[in-house]
$ cat data06.cif   # mmCIF, N, CA and C atoms
data_coords
#
loop_
_atom_site.group_PDB
_atom_site.id
_atom_site.type_symbol
_atom_site.label_atom_id
_atom_site.label_comp_id
_atom_site.auth_asym_id
_atom_site.auth_seq_id
_atom_site.Cartn_x
_atom_site.Cartn_y
_atom_site.Cartn_z
ATOM 1 N N MET A 1 140.298 -51.711 -52.403
ATOM 2 C CA MET A 1 141.131 -51.856 -53.567
ATOM 3 C C MET A 1 141.620 -50.484 -54.040
ATOM 4 N N ALA A 2 140.767 -49.481 -53.948
ATOM 5 C CA ALA A 2 141.156 -48.145 -54.391
ATOM 6 C C ALA A 2 142.322 -47.615 -53.552
ATOM 7 N N MET A 3 142.279 -47.834 -52.249
ATOM 8 C CA MET A 3 143.381 -47.380 -51.389
ATOM 9 C C MET A 3 144.666 -48.130 -51.708
ATOM 10 N N SER A 4 144.566 -49.397 -52.019
ATOM 11 C CA SER A 4 145.758 -50.177 -52.377
ATOM 12 C C SER A 4 146.370 -49.649 -53.665
ATOM 13 N N ARG A 5 145.531 -49.279 -54.626
ATOM 14 C CA ARG A 5 146.036 -48.713 -55.875
ATOM 15 C C ARG A 5 146.710 -47.375 -55.615
ATOM 16 N N LEU A 6 146.117 -46.566 -54.757
ATOM 17 C CA LEU A 6 146.709 -45.274 -54.408
ATOM 18 C C LEU A 6 148.055 -45.457 -53.715
ATOM 19 N N ARG A 7 148.134 -46.370 -52.777
ATOM 20 C CA ARG A 7 149.392 -46.626 -52.063
ATOM 21 C C ARG A 7 150.475 -47.157 -52.989
ATOM 22 N N ALA A 8 150.093 -47.971 -53.969
ATOM 23 C CA ALA A 8 151.065 -48.488 -54.927
ATOM 24 C C ALA A 8 151.713 -47.346 -55.700
ATOM 25 N N VAL A 9 150.902 -46.400 -56.148
ATOM 26 C CA VAL A 9 151.433 -45.251 -56.886
ATOM 27 C C VAL A 9 152.231 -44.350 -55.956
ATOM 28 N N GLU A 10 151.701 -44.107 -54.761
ATOM 29 C CA GLU A 10 152.346 -43.214 -53.796
ATOM 30 C C GLU A 10 153.749 -43.678 -53.438
ATOM 31 N N HIS A 11 153.920 -44.966 -53.247
ATOM 32 C CA HIS A 11 155.209 -45.488 -52.810
ATOM 33 C C HIS A 11 156.000 -46.169 -53.930
ATOM 34 N N GLY A 12 155.441 -46.219 -55.134
ATOM 35 C CA GLY A 12 156.158 -46.798 -56.262
ATOM 36 C C GLY A 12 156.488 -48.261 -56.085
ATOM 37 N N ARG A 13 155.580 -48.991 -55.486
ATOM 38 C CA ARG A 13 155.816 -50.398 -55.199
ATOM 39 C C ARG A 13 154.616 -51.240 -55.609
ATOM 40 N N THR A 14 154.879 -52.511 -55.838
ATOM 41 C CA THR A 14 153.805 -53.460 -56.082
ATOM 42 C C THR A 14 153.111 -53.755 -54.762
ATOM 43 N N VAL A 15 151.801 -53.795 -54.785
ATOM 44 C CA VAL A 15 151.023 -54.062 -53.572
ATOM 45 C C VAL A 15 150.266 -55.370 -53.765
ATOM 46 N N LEU A 16 150.361 -56.229 -52.765
ATOM 47 C CA LEU A 16 149.632 -57.491 -52.767
ATOM 48 C C LEU A 16 148.449 -57.354 -51.821
ATOM 49 N N VAL A 17 147.262 -57.549 -52.345
ATOM 50 C CA VAL A 17 146.044 -57.396 -51.553
ATOM 51 C C VAL A 17 145.465 -58.785 -51.312
ATOM 52 N N THR A 18 145.323 -59.138 -50.041
ATOM 53 C CA THR A 18 144.696 -60.411 -49.704
ATOM 54 C C THR A 18 143.435 -60.135 -48.898
ATOM 55 N N ALA A 19 142.365 -60.781 -49.280
ATOM 56 C CA ALA A 19 141.098 -60.555 -48.589
ATOM 57 C C ALA A 19 140.349 -61.873 -48.480
ATOM 58 N N THR A 20 139.811 -62.137 -47.308
ATOM 59 C CA THR A 20 139.031 -63.362 -47.126
ATOM 60 C C THR A 20 137.597 -63.179 -47.599
ATOM 61 N N SER A 21 137.118 -61.953 -47.644
ATOM 62 C CA SER A 21 135.737 -61.733 -48.075
ATOM 63 C C SER A 21 135.631 -60.603 -49.089
ATOM 64 N N GLY A 22 136.696 -60.338 -49.789
ATOM 65 C CA GLY A 22 136.676 -59.264 -50.774
ATOM 66 C C GLY A 22 137.446 -59.658 -52.016
ATOM 67 N N ILE A 23 138.166 -58.728 -52.579
ATOM 68 C CA ILE A 23 138.909 -58.967 -53.802
ATOM 69 C C ILE A 23 140.394 -59.069 -53.481
ATOM 70 N N SER A 24 141.018 -60.161 -53.854
ATOM 71 C CA SER A 24 142.462 -60.318 -53.724
ATOM 72 C C SER A 24 143.070 -59.943 -55.066
ATOM 73 N N ALA A 25 144.230 -59.245 -55.018
ATOM 74 C CA ALA A 25 144.803 -58.769 -56.272
ATOM 75 C C ALA A 25 146.278 -58.451 -56.120
ATOM 76 N N VAL A 26 146.916 -58.247 -57.269
ATOM 77 C CA VAL A 26 148.283 -57.751 -57.355
ATOM 78 C C VAL A 26 148.194 -56.426 -58.085
ATOM 79 N N VAL A 27 148.633 -55.351 -57.415
ATOM 80 C CA VAL A 27 148.564 -54.009 -57.989
ATOM 81 C C VAL A 27 149.969 -53.558 -58.335
ATOM 82 N N ASP A 28 150.175 -53.164 -59.593
ATOM 83 C CA ASP A 28 151.484 -52.697 -60.050
ATOM 84 C C ASP A 28 151.793 -51.305 -59.517
ATOM 85 N N PRO A 29 153.079 -50.893 -59.547
ATOM 86 C CA PRO A 29 153.457 -49.575 -59.035
ATOM 87 C C PRO A 29 152.772 -48.399 -59.740
ATOM 88 N N ASP A 30 152.257 -48.604 -60.933
ATOM 89 C CA ASP A 30 151.549 -47.521 -61.627
ATOM 90 C C ASP A 30 150.065 -47.486 -61.285
ATOM 91 N N GLY A 31 149.622 -48.359 -60.392
ATOM 92 C CA GLY A 31 148.235 -48.385 -59.948
ATOM 93 C C GLY A 31 147.340 -49.319 -60.734
ATOM 94 N N SER A 32 147.863 -49.925 -61.787
ATOM 95 C CA SER A 32 147.038 -50.853 -62.559
ATOM 96 C C SER A 32 146.973 -52.207 -61.855
ATOM 97 N N VAL A 33 145.881 -52.905 -62.042
ATOM 98 C CA VAL A 33 145.694 -54.211 -61.417
ATOM 99 C C VAL A 33 146.255 -55.273 -62.363
ATOM 100 N N ALA A 34 147.326 -55.944 -61.942
ATOM 101 C CA ALA A 34 147.977 -56.947 -62.778
ATOM 102 C C ALA A 34 147.197 -58.254 -62.778
ATOM 103 N N ARG A 35 146.791 -58.681 -61.610
ATOM 104 C CA ARG A 35 146.008 -59.919 -61.461
ATOM 105 C C ARG A 35 144.981 -59.704 -60.374
ATOM 106 N N GLN A 36 143.836 -60.373 -60.558
ATOM 107 C CA GLN A 36 142.763 -60.181 -59.591
ATOM 108 C C GLN A 36 141.906 -61.430 -59.522
ATOM 109 N N ALA A 37 141.552 -61.808 -58.305
ATOM 110 C CA ALA A 37 140.617 -62.918 -58.107
ATOM 111 C C ALA A 37 139.217 -62.329 -57.996
ATOM 112 N N PRO A 38 138.218 -63.031 -58.477
ATOM 113 C CA PRO A 38 136.847 -62.527 -58.344
ATOM 114 C C PRO A 38 136.466 -62.366 -56.872
ATOM 115 N N GLU A 39 135.556 -61.452 -56.637
ATOM 116 C CA GLU A 39 135.106 -61.201 -55.266
ATOM 117 C C GLU A 39 134.422 -62.442 -54.697
ATOM 118 N N ARG A 40 134.767 -62.758 -53.449
ATOM 119 C CA ARG A 40 134.196 -63.883 -52.697
ATOM 120 C C ARG A 40 134.419 -65.248 -53.360
ATOM 121 N N VAL A 41 135.509 -65.375 -54.089
ATOM 122 C CA VAL A 41 135.867 -66.654 -54.709
ATOM 123 C C VAL A 41 137.255 -67.029 -54.208
ATOM 124 N N ALA A 42 137.385 -68.230 -53.681
ATOM 125 C CA ALA A 42 138.679 -68.694 -53.174
ATOM 126 C C ALA A 42 139.594 -69.004 -54.361
ATOM 127 N N ARG A 43 140.692 -68.283 -54.456
ATOM 128 C CA ARG A 43 141.654 -68.472 -55.536
ATOM 129 C C ARG A 43 143.058 -68.269 -55.001
ATOM 130 N N THR A 44 144.018 -68.827 -55.717
ATOM 131 C CA THR A 44 145.427 -68.573 -55.443
ATOM 132 C C THR A 44 145.966 -67.757 -56.603
ATOM 133 N N ILE A 45 146.593 -66.653 -56.292
ATOM 134 C CA ILE A 45 147.180 -65.802 -57.328
ATOM 135 C C ILE A 45 148.680 -66.001 -57.288
ATOM 136 N N ASP A 46 149.247 -66.340 -58.426
ATOM 137 C CA ASP A 46 150.690 -66.538 -58.536
ATOM 138 C C ASP A 46 151.256 -65.384 -59.355
ATOM 139 N N ALA A 47 152.180 -64.626 -58.759
ATOM 140 C CA ALA A 47 152.752 -63.483 -59.463
ATOM 141 C C ALA A 47 154.193 -63.276 -59.034
ATOM 142 N N THR A 48 154.995 -62.774 -59.948
ATOM 143 C CA THR A 48 156.380 -62.402 -59.645
ATOM 144 C C THR A 48 156.427 -60.892 -59.539
ATOM 145 N N VAL A 49 156.943 -60.395 -58.431
ATOM 146 C CA VAL A 49 157.022 -58.942 -58.226
ATOM 147 C C VAL A 49 158.471 -58.532 -58.003
ATOM 148 N N GLN A 50 158.767 -57.296 -58.365
ATOM 149 C CA GLN A 50 160.117 -56.771 -58.165
ATOM 150 C C GLN A 50 160.268 -56.261 -56.741
ATOM 151 N N LEU A 51 161.449 -56.443 -56.186
ATOM 152 C CA LEU A 51 161.760 -55.897 -54.874
ATOM 153 C C LEU A 51 162.405 -54.532 -55.066
ATOM 154 N N HIS A 52 162.019 -53.577 -54.250
ATOM 155 C CA HIS A 52 162.567 -52.225 -54.320
ATOM 156 C C HIS A 52 163.175 -51.881 -52.971
ATOM 157 N N ASP A 53 164.264 -51.142 -53.001
ATOM 158 C CA ASP A 53 164.845 -50.708 -51.728
ATOM 159 C C ASP A 53 164.940 -49.189 -51.640
ATOM 160 N N GLY A 54 164.599 -48.470 -52.693
ATOM 161 C CA GLY A 54 164.621 -47.010 -52.658
ATOM 162 C C GLY A 54 163.370 -46.449 -52.008
ATOM 163 N N ARG A 55 163.401 -45.151 -51.741
ATOM 164 C CA ARG A 55 162.251 -44.498 -51.129
ATOM 165 C C ARG A 55 161.725 -43.427 -52.064
ATOM 166 N N THR A 56 160.418 -43.283 -52.128
ATOM 167 C CA THR A 56 159.800 -42.245 -52.937
ATOM 168 C C THR A 56 159.725 -40.953 -52.137
ATOM 169 N N VAL A 57 159.346 -39.867 -52.800
ATOM 170 C CA VAL A 57 159.193 -38.584 -52.109
ATOM 171 C C VAL A 57 158.153 -38.717 -51.000
ATOM 172 N N ALA A 58 157.052 -39.407 -51.282
ATOM 173 C CA ALA A 58 156.000 -39.581 -50.272
ATOM 174 C C ALA A 58 156.517 -40.336 -49.056
ATOM 175 N N SER A 59 157.384 -41.306 -49.264
ATOM 176 C CA SER A 59 157.946 -42.062 -48.143
ATOM 177 C C SER A 59 158.907 -41.207 -47.325
ATOM 178 N N ARG A 60 159.680 -40.363 -47.996
ATOM 179 C CA ARG A 60 160.648 -39.517 -47.284
ATOM 180 C C ARG A 60 159.975 -38.383 -46.522
ATOM 181 N N VAL A 61 158.969 -37.772 -47.123
ATOM 182 C CA VAL A 61 158.321 -36.605 -46.508
ATOM 183 C C VAL A 61 157.443 -37.013 -45.336
ATOM 184 N N GLY A 62 156.718 -38.098 -45.480
ATOM 185 C CA GLY A 62 155.849 -38.552 -44.401
ATOM 186 C C GLY A 62 154.514 -37.835 -44.398
ATOM 187 N N ALA A 63 153.905 -37.701 -43.239
ATOM 188 C CA ALA A 63 152.548 -37.163 -43.123
ATOM 189 C C ALA A 63 152.500 -35.676 -42.803
ATOM 190 N N TRP A 64 153.640 -34.990 -42.683
ATOM 191 C CA TRP A 64 153.579 -33.594 -42.251
ATOM 192 C C TRP A 64 152.838 -32.685 -43.224
ATOM 193 N N PRO A 65 152.849 -32.881 -44.554
ATOM 194 C CA PRO A 65 152.035 -32.006 -45.403
ATOM 195 C C PRO A 65 150.542 -32.136 -45.106
ATOM 196 N N GLU A 66 150.082 -33.332 -44.789
ATOM 197 C CA GLU A 66 148.679 -33.538 -44.448
ATOM 198 C C GLU A 66 148.323 -32.796 -43.169
ATOM 199 N N TRP A 67 149.183 -32.880 -42.170
ATOM 200 C CA TRP A 67 148.944 -32.181 -40.908
ATOM 201 C C TRP A 67 148.960 -30.668 -41.103
ATOM 202 N N LEU A 68 149.871 -30.186 -41.929
ATOM 203 C CA LEU A 68 149.952 -28.746 -42.198
ATOM 204 C C LEU A 68 148.671 -28.250 -42.868
ATOM 205 N N LEU A 69 148.203 -28.962 -43.877
ATOM 206 C CA LEU A 69 146.974 -28.559 -44.557
ATOM 207 C C LEU A 69 145.762 -28.650 -43.634
ATOM 208 N N ALA A 70 145.726 -29.643 -42.778
ATOM 209 C CA ALA A 70 144.626 -29.758 -41.820
ATOM 210 C C ALA A 70 144.645 -28.585 -40.844
ATOM 211 N N ALA A 71 145.840 -28.194 -40.383
ATOM 212 C CA ALA A 71 145.949 -27.061 -39.464
ATOM 213 C C ALA A 71 145.514 -25.759 -40.144
ATOM 214 N N VAL A 72 145.889 -25.586 -41.403
ATOM 215 C CA VAL A 72 145.462 -24.393 -42.139
ATOM 216 C C VAL A 72 143.940 -24.377 -42.277
ATOM 217 N N GLY A 73 143.342 -25.526 -42.556
ATOM 218 C CA GLY A 73 141.888 -25.610 -42.660
ATOM 219 C C GLY A 73 141.187 -25.284 -41.358
ATOM 220 N N VAL A 74 141.705 -25.800 -40.252
ATOM 221 C CA VAL A 74 141.114 -25.506 -38.939
ATOM 222 C C VAL A 74 141.269 -24.024 -38.615
ATOM 223 N N ALA A 75 142.444 -23.454 -38.891
ATOM 224 C CA ALA A 75 142.667 -22.022 -38.636
ATOM 225 C C ALA A 75 141.717 -21.175 -39.469
ATOM 226 N N ALA A 76 141.492 -21.549 -40.712
ATOM 227 C CA ALA A 76 140.570 -20.796 -41.569
ATOM 228 C C ALA A 76 139.140 -20.886 -41.049
ATOM 229 N N ALA A 77 138.742 -22.059 -40.575
ATOM 230 C CA ALA A 77 137.395 -22.225 -40.025
ATOM 231 C C ALA A 77 137.203 -21.388 -38.766
ATOM 232 N N VAL A 78 138.206 -21.394 -37.891
ATOM 233 C CA VAL A 78 138.131 -20.598 -36.662
ATOM 234 C C VAL A 78 138.086 -19.118 -36.996
ATOM 235 N N ALA A 79 138.930 -18.676 -37.931
ATOM 236 C CA ALA A 79 138.933 -17.269 -38.327
ATOM 237 C C ALA A 79 137.593 -16.874 -38.930
ATOM 238 N N GLY A 80 136.994 -17.765 -39.694
ATOM 239 C CA GLY A 80 135.686 -17.484 -40.273
ATOM 240 C C GLY A 80 134.605 -17.368 -39.214
ATOM 241 N N LEU A 81 134.657 -18.237 -38.210
ATOM 242 C CA LEU A 81 133.663 -18.178 -37.137
ATOM 243 C C LEU A 81 133.830 -16.927 -36.283
ATOM 244 N N LEU A 82 135.051 -16.555 -35.991
ATOM 245 C CA LEU A 82 135.296 -15.372 -35.164
ATOM 246 C C LEU A 82 134.954 -14.091 -35.914
ATOM 247 N N GLY A 83 135.174 -14.083 -37.196
ATOM 248 C CA GLY A 83 134.897 -12.886 -37.992
ATOM 249 C C GLY A 83 133.434 -12.732 -38.352
ATOM 250 N N ALA A 84 132.635 -13.757 -38.163
ATOM 251 C CA ALA A 84 131.223 -13.712 -38.540
ATOM 252 C C ALA A 84 130.334 -13.565 -37.317
ATOM 253 N N GLY A 85 130.721 -12.690 -36.392
ATOM 254 C CA GLY A 85 129.929 -12.464 -35.189
ATOM 255 C C GLY A 85 128.600 -11.813 -35.525
ATOM 256 N N PRO A 86 127.731 -11.653 -34.540
ATOM 257 C CA PRO A 86 126.419 -11.054 -34.796
ATOM 258 C C PRO A 86 126.558 -9.597 -35.242
ATOM 259 N N ARG A 87 125.796 -9.240 -36.246
ATOM 260 C CA ARG A 87 125.828 -7.874 -36.758
ATOM 261 C C ARG A 87 124.429 -7.292 -36.651
ATOM 262 N N ARG A 88 124.397 -6.045 -36.249
ATOM 263 C CA ARG A 88 123.112 -5.376 -36.096
ATOM 264 C C ARG A 88 122.849 -4.515 -37.310
ATOM 265 N N ARG A 89 121.632 -4.503 -37.710
ATOM 266 C CA ARG A 89 121.221 -3.627 -38.803
ATOM 267 C C ARG A 89 120.315 -2.557 -38.210
ATOM 268 N N THR A 90 120.542 -1.346 -38.598
ATOM 269 C CA THR A 90 119.686 -0.253 -38.131
ATOM 270 C C THR A 90 118.840 0.244 -39.286
ATOM 271 N N ARG A 91 117.691 0.715 -38.954
ATOM 272 C CA ARG A 91 116.785 1.244 -39.991
ATOM 273 C C ARG A 91 117.046 2.744 -40.173
ATOM 274 N N GLY A 92 116.865 3.171 -41.363
ATOM 275 C CA GLY A 92 116.965 4.608 -41.624
ATOM 276 C C GLY A 92 118.379 5.132 -41.615
ATOM 277 N N GLY A 93 119.336 4.296 -41.935
ATOM 278 C CA GLY A 93 120.702 4.770 -42.032
ATOM 279 C C GLY A 93 121.348 5.024 -40.692
ATOM 280 N N GLY A 94 120.828 4.472 -39.623
ATOM 281 C CA GLY A 94 121.455 4.597 -38.321
ATOM 282 C C GLY A 94 120.952 5.774 -37.503
ATOM 283 N N ARG A 95 119.932 6.467 -37.964
ATOM 284 C CA ARG A 95 119.405 7.608 -37.208
ATOM 285 C C ARG A 95 118.327 7.153 -36.237
ATOM 286 N N ALA A 96 118.248 7.800 -35.105
ATOM 287 C CA ALA A 96 117.268 7.432 -34.098
ATOM 288 C C ALA A 96 115.959 8.112 -34.292
#

$ encode --input "data06.cif" --output "structure tokens"
Amino acid sequence: MAMSRLRAVEHGRTVLVTATSGISAVVDPDGSVARQAPERVARTIDATVQLHDGRTVASRVGAWPEWLLAAVGVAAAVAGLLGAGPRRRTRGGGRA
């Protein structure tokens, strides 16, 4: 249900959630739950929803920001591992 609420806000659309063993609901574009059937209870939900034909910023941009951030994270992890090689400590300030 949480992902459905997130997707409703992300795409600015009403989301209809149907579940045979969970919670069925109607989620408004602002993420609020308009109607909901109790968990594991057979119910019919009747709702009128608006049709949208426009696209939100999230729909137009797609997944490339997620991939970019993931690549930056992997690069940072690799740089951290390469920069943290074994270091030797000498006693007495390095004198033999």

$ resolve_selection --input "data06.cif" --expression "the PyMOL selection byres ((chain A and resi 30) around 8)" --output "list in words"
Arg5, Leu6, Ala8, Val9, Glu10, Gly12, Arg13, Thr14, Val27, Asp28, Pro29, Gly31, Ser32 and Val33 of chain A

$ select_by_dssp --input "data06.cif" --residues "chain A" --states "helix (DSSP H, G or I)" --output "VMD selection string"
chain A and resid 2 to 11 57 to 61 64 to 83 91 to 94

$ write_last_selection --input "data06.cif" --atoms "N, CA and C atoms" --output "tab-separated table (two decimals), in the frame of the given file"
chain	number	residue	atom	x	y	z
A	2	ALA	N	140.77	-49.48	-53.95
A	2	ALA	CA	141.16	-48.14	-54.39
A	2	ALA	C	142.32	-47.62	-53.55
A	3	MET	N	142.28	-47.83	-52.25
A	3	MET	CA	143.38	-47.38	-51.39
A	3	MET	C	144.67	-48.13	-51.71
A	4	SER	N	144.57	-49.40	-52.02
A	4	SER	CA	145.76	-50.18	-52.38
A	4	SER	C	146.37	-49.65	-53.66
A	5	ARG	N	145.53	-49.28	-54.63
A	5	ARG	CA	146.04	-48.71	-55.88
A	5	ARG	C	146.71	-47.38	-55.62
A	6	LEU	N	146.12	-46.57	-54.76
A	6	LEU	CA	146.71	-45.27	-54.41
A	6	LEU	C	148.06	-45.46	-53.72
A	7	ARG	N	148.13	-46.37	-52.78
A	7	ARG	CA	149.39	-46.63	-52.06
A	7	ARG	C	150.48	-47.16	-52.99
A	8	ALA	N	150.09	-47.97	-53.97
A	8	ALA	CA	151.06	-48.49	-54.93
A	8	ALA	C	151.71	-47.35	-55.70
A	9	VAL	N	150.90	-46.40	-56.15
A	9	VAL	CA	151.43	-45.25	-56.89
A	9	VAL	C	152.23	-44.35	-55.96
A	10	GLU	N	151.70	-44.11	-54.76
A	10	GLU	CA	152.35	-43.21	-53.80
A	10	GLU	C	153.75	-43.68	-53.44
A	11	HIS	N	153.92	-44.97	-53.25
A	11	HIS	CA	155.21	-45.49	-52.81
A	11	HIS	C	156.00	-46.17	-53.93
A	57	VAL	N	159.35	-39.87	-52.80
A	57	VAL	CA	159.19	-38.58	-52.11
A	57	VAL	C	158.15	-38.72	-51.00
A	58	ALA	N	157.05	-39.41	-51.28
A	58	ALA	CA	156.00	-39.58	-50.27
A	58	ALA	C	156.52	-40.34	-49.06
A	59	SER	N	157.38	-41.31	-49.26
A	59	SER	CA	157.95	-42.06	-48.14
A	59	SER	C	158.91	-41.21	-47.32
A	60	ARG	N	159.68	-40.36	-48.00
A	60	ARG	CA	160.65	-39.52	-47.28
A	60	ARG	C	159.98	-38.38	-46.52
A	61	VAL	N	158.97	-37.77	-47.12
A	61	VAL	CA	158.32	-36.60	-46.51
A	61	VAL	C	157.44	-37.01	-45.34
A	64	TRP	N	153.64	-34.99	-42.68
A	64	TRP	CA	153.58	-33.59	-42.25
A	64	TRP	C	152.84	-32.68	-43.22
A	65	PRO	N	152.85	-32.88	-44.55
A	65	PRO	CA	152.04	-32.01	-45.40
A	65	PRO	C	150.54	-32.14	-45.11
A	66	GLU	N	150.08	-33.33	-44.79
A	66	GLU	CA	148.68	-33.54	-44.45
A	66	GLU	C	148.32	-32.80	-43.17
A	67	TRP	N	149.18	-32.88	-42.17
A	67	TRP	CA	148.94	-32.18	-40.91
A	67	TRP	C	148.96	-30.67	-41.10
A	68	LEU	N	149.87	-30.19	-41.93
A	68	LEU	CA	149.95	-28.75	-42.20
A	68	LEU	C	148.67	-28.25	-42.87
A	69	LEU	N	148.20	-28.96	-43.88
A	69	LEU	CA	146.97	-28.56	-44.56
A	69	LEU	C	145.76	-28.65	-43.63
A	70	ALA	N	145.73	-29.64	-42.78
A	70	ALA	CA	144.63	-29.76	-41.82
A	70	ALA	C	144.65	-28.58	-40.84
A	71	ALA	N	145.84	-28.19	-40.38
A	71	ALA	CA	145.95	-27.06	-39.46
A	71	ALA	C	145.51	-25.76	-40.14
A	72	VAL	N	145.89	-25.59	-41.40
A	72	VAL	CA	145.46	-24.39	-42.14
A	72	VAL	C	143.94	-24.38	-42.28
A	73	GLY	N	143.34	-25.53	-42.56
A	73	GLY	CA	141.89	-25.61	-42.66
A	73	GLY	C	141.19	-25.28	-41.36
A	74	VAL	N	141.71	-25.80	-40.25
A	74	VAL	CA	141.11	-25.51	-38.94
A	74	VAL	C	141.27	-24.02	-38.62
A	75	ALA	N	142.44	-23.45	-38.89
A	75	ALA	CA	142.67	-22.02	-38.64
A	75	ALA	C	141.72	-21.18	-39.47
A	76	ALA	N	141.49	-21.55	-40.71
A	76	ALA	CA	140.57	-20.80	-41.57
A	76	ALA	C	139.14	-20.89	-41.05
A	77	ALA	N	138.74	-22.06	-40.58
A	77	ALA	CA	137.40	-22.22	-40.02
A	77	ALA	C	137.20	-21.39	-38.77
A	78	VAL	N	138.21	-21.39	-37.89
A	78	VAL	CA	138.13	-20.60	-36.66
A	78	VAL	C	138.09	-19.12	-37.00
A	79	ALA	N	138.93	-18.68	-37.93
A	79	ALA	CA	138.93	-17.27	-38.33
A	79	ALA	C	137.59	-16.87	-38.93
A	80	GLY	N	136.99	-17.76	-39.69
A	80	GLY	CA	135.69	-17.48	-40.27
A	80	GLY	C	134.60	-17.37	-39.21
A	81	LEU	N	134.66	-18.24	-38.21
A	81	LEU	CA	133.66	-18.18	-37.14
A	81	LEU	C	133.83	-16.93	-36.28
A	82	LEU	N	135.05	-16.56	-35.99
A	82	LEU	CA	135.30	-15.37	-35.16
A	82	LEU	C	134.95	-14.09	-35.91
A	83	GLY	N	135.17	-14.08	-37.20
A	83	GLY	CA	134.90	-12.89	-37.99
A	83	GLY	C	133.43	-12.73	-38.35
A	91	ARG	N	117.69	0.72	-38.95
A	91	ARG	CA	116.78	1.24	-39.99
A	91	ARG	C	117.05	2.74	-40.17
A	92	GLY	N	116.86	3.17	-41.36
A	92	GLY	CA	116.96	4.61	-41.62
A	92	GLY	C	118.38	5.13	-41.62
A	93	GLY	N	119.34	4.30	-41.94
A	93	GLY	CA	120.70	4.77	-42.03
A	93	GLY	C	121.35	5.02	-40.69
A	94	GLY	N	120.83	4.47	-39.62
A	94	GLY	CA	121.46	4.60	-38.32
A	94	GLY	C	120.95	5.77	-37.50

$ closest_residue --input "data06.cif" --among "A:Thr18, A:Pro65, A:Ala25, A:Met3" --to "Ala47 of chain A" --atoms "only C-alpha atoms"
A:Ala25

$ atom_distance --input "data06.cif" --atom1 "atom CA of Val17 of chain A" --atom2 "atom N of His52 of chain A"
16.6 Å

$ atom_distance --input "data06.cif" --atom1 "atom C of Ala37 of chain A" --atom2 "atom CA of Gln50 of chain A"
21.6 Å

$ axis_aligned_box --input "data06.cif" --around "segment 47-57 of chain A" --padding-each-side "6 Å" --output "JSON"
{"center_x": 158.6, "center_y": -51.6, "center_z": -55.5, "size_x": 24.8, "size_y": 38.0, "size_z": 20.9}

$ atom_distance --input "data06.cif" --atom1 "atom N of Ile23 of chain A" --atom2 "atom N of Asp46 of chain A"
14.7 Å

$ select_by_dssp --input "data06.cif" --residues "segment 18-69 of chain A" --states "strand (DSSP E)" --output "NGL selection string"
:A and (25-27 or 33-36)

$ resolve_selection --input "data06.cif" --expression "the PyMOL selection byres ((chain A and resi 41) around 8)" --output "number ranges by chain"
A: 20-24, 37-40, 42-44
